[in-house]
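Peer 1: Mind looking over this structure? Questions follow.
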Amino acid sequence: MAGQKTHKDDVMARLRRIEGQVRGLQRLVEEDTYCIDVLTQVSAVTRALQSFALRMLDEHMATCVSTAVAEGGEERQRKLKEASDAIARLVRS
């Protein structure tokens, strides 16, 4: 259980860093920063969100999906479809 709290703390810290990056973008726009500099920061935020999404997907596959696959049955198919759909959404974004 303690490992779960540490993990959640790490996830929340990553999200707070991303939130800070987005606030930085707002500040750049408010200050009329050169467009290319703003776009550079947009790229950094996008990469941070993609990295976060991939980590969440990896953890989902390692926990929820692997458990469902081991147990088999209808839940196995549902979890595999759910994961496949999530991957498709990430690839399209």
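By convention in this document, the chains of the structure tokens carry letters A, B, ... by their order, each chain's residues are numbered from 1, and ligands are numbered from 1 in the order they are shown.
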Can you tell me which residues surround segment 32-46 of chain A at a distance of at most 7 Å, considering only C-alpha atoms, apart from same-chain residues fewer than 5 positions away, and format the answer as JSON, numbers by chain?

Peer 2: {"A": [18, 21, 22, 25]}

Peer 1: Store the residues picked out above, limited to N, CA, C and O atoms, as an mmCIF file, in the first residue's frame.

Peer 2:
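Okay, part_32.cif is ready:
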```
data_model
loop_
_atom_site.group_PDB
_atom_site.id
_atom_site.type_symbol
_atom_site.label_atom_id
_atom_site.label_comp_id
_atom_site.auth_asym_id
_atom_site.auth_seq_id
_atom_site.Cartn_x
_atom_site.Cartn_y
_atom_site.Cartn_z
ATOM 1 N N ILE A 18 3.727 19.585 -15.355
ATOM 2 C CA ILE A 18 3.073 19.890 -16.636
ATOM 3 C C ILE A 18 2.164 21.106 -16.474
ATOM 4 O O ILE A 18 2.141 21.995 -17.335
ATOM 5 N N GLN A 21 4.203 24.099 -16.642
ATOM 6 C CA GLN A 21 4.593 24.402 -18.019
ATOM 7 C C GLN A 21 3.458 25.123 -18.760
ATOM 8 O O GLN A 21 3.701 26.063 -19.516
ATOM 9 N N VAL A 22 2.229 24.677 -18.542
ATOM 10 C CA VAL A 22 1.084 25.309 -19.198
ATOM 11 C C VAL A 22 0.902 26.736 -18.687
ATOM 12 O O VAL A 22 0.653 27.664 -19.464
ATOM 13 N N LEU A 25 3.239 28.848 -20.434
ATOM 14 C CA LEU A 25 2.744 29.209 -21.763
ATOM 15 C C LEU A 25 1.798 30.407 -21.693
ATOM 16 O O LEU A 25 1.873 31.328 -22.515
#
```

Peer 1: Using only C-alpha atoms, which protein or nucleic acid residues come within 9 Å of Met56 of chain A? Drop anything in the same chain fewer than 5 positions from it, and give the result as an MDAnalysis selection string.

Peer 2: chainID A and resid 11 51 61

Peer 1: Can you list, as a VMD selection string, every protein, DNA or RNA residue that comes within 12 Å of His60 of chain A when you count only C-alpha atoms, leaving out same-chain residues fewer than 2 positions away?

Peer 2: chain A and resid 53 to 58 62 to 68 79 to 80 82 to 84 86 to 87

Peer 1: Next, write the just-selected residues to a file, as a short mmCIF file (atom, residue, chain, number, x, y, z; two decimals), in the first residue's frame, keeping N, CA, C and O atoms as the atom set.

Peer 2:
```cif
data_model
loop_
_atom_site.label_atom_id
_atom_site.label_comp_id
_atom_site.auth_asym_id
_atom_site.auth_seq_id
_atom_site.Cartn_x
_atom_site.Cartn_y
_atom_site.Cartn_z
N ALA A 53 1.27 10.07 -20.73
CA ALA A 53 0.27 9.14 -21.26
C ALA A 53 0.87 7.75 -21.49
O ALA A 53 0.26 6.73 -21.15
N LEU A 54 2.07 7.71 -22.04
CA LEU A 54 2.72 6.42 -22.28
C LEU A 54 3.02 5.69 -20.97
O LEU A 54 2.88 4.47 -20.88
N ARG A 55 3.42 6.44 -19.97
CA ARG A 55 3.67 5.83 -18.66
C ARG A 55 2.38 5.25 -18.07
O ARG A 55 2.36 4.14 -17.55
N MET A 56 1.29 6.01 -18.18
CA MET A 56 0.00 5.53 -17.67
C MET A 56 -0.45 4.28 -18.44
O MET A 56 -0.93 3.32 -17.85
N LEU A 57 -0.27 4.29 -19.75
CA LEU A 57 -0.63 3.14 -20.56
C LEU A 57 0.21 1.92 -20.18
O LEU A 57 -0.32 0.81 -20.02
N ASP A 58 1.49 2.12 -20.00
CA ASP A 58 2.39 1.04 -19.61
C ASP A 58 1.95 0.42 -18.27
O ASP A 58 1.90 -0.80 -18.13
N ALA A 62 0.55 -3.34 -17.50
CA ALA A 62 1.25 -4.19 -16.53
C ALA A 62 0.36 -4.63 -15.38
O ALA A 62 0.64 -5.64 -14.73
N THR A 63 -0.70 -3.89 -15.12
CA THR A 63 -1.56 -4.23 -13.98
C THR A 63 -2.92 -4.74 -14.45
O THR A 63 -3.16 -5.94 -14.47
N CYS A 64 -3.78 -3.86 -14.86
CA CYS A 64 -5.16 -4.20 -15.19
C CYS A 64 -5.25 -5.22 -16.33
O CYS A 64 -5.97 -6.21 -16.23
N VAL A 65 -4.53 -4.95 -17.41
CA VAL A 65 -4.62 -5.84 -18.58
C VAL A 65 -4.00 -7.19 -18.29
O VAL A 65 -4.59 -8.23 -18.59
N SER A 66 -2.82 -7.20 -17.68
CA SER A 66 -2.17 -8.49 -17.41
C SER A 66 -2.99 -9.34 -16.45
O SER A 66 -3.07 -10.57 -16.61
N THR A 67 -3.63 -8.72 -15.47
CA THR A 67 -4.49 -9.47 -14.55
C THR A 67 -5.68 -10.07 -15.30
O THR A 67 -6.01 -11.24 -15.12
N ALA A 68 -6.30 -9.27 -16.17
CA ALA A 68 -7.46 -9.76 -16.93
C ALA A 68 -7.06 -10.88 -17.88
O ALA A 68 -7.79 -11.86 -18.04
N LYS A 79 -10.66 -5.89 -21.65
CA LYS A 79 -9.46 -5.12 -21.29
C LYS A 79 -8.51 -4.98 -22.47
O LYS A 79 -7.89 -3.93 -22.66
N LEU A 80 -8.38 -6.02 -23.28
CA LEU A 80 -7.52 -5.93 -24.45
C LEU A 80 -8.08 -4.92 -25.45
O LEU A 80 -7.33 -4.12 -26.02
N GLU A 82 -10.06 -2.40 -24.75
CA GLU A 82 -9.91 -1.09 -24.10
C GLU A 82 -8.49 -0.55 -24.30
O GLU A 82 -8.31 0.63 -24.65
N ALA A 83 -7.50 -1.39 -24.09
CA ALA A 83 -6.10 -0.99 -24.27
C ALA A 83 -5.81 -0.64 -25.73
O ALA A 83 -5.15 0.36 -26.02
N SER A 84 -6.32 -1.46 -26.63
CA SER A 84 -6.13 -1.20 -28.06
C SER A 84 -6.74 0.13 -28.46
O SER A 84 -6.13 0.92 -29.20
N ALA A 86 -7.26 2.71 -26.50
CA ALA A 86 -6.45 3.78 -25.88
C ALA A 86 -5.20 4.04 -26.70
O ALA A 86 -4.82 5.20 -26.92
N ILE A 87 -4.56 2.98 -27.17
CA ILE A 87 -3.37 3.13 -28.00
C ILE A 87 -3.72 3.86 -29.30
O ILE A 87 -3.01 4.78 -29.72
#
```

Peer 1: Choose the residue, out of A:Glu59, A:Asp85, A:Leu90, A:Glu74, that has the smallest atom-to-atom separation from Lys8 of chain A; count only C-alpha atoms.

Peer 2: A:Glu59
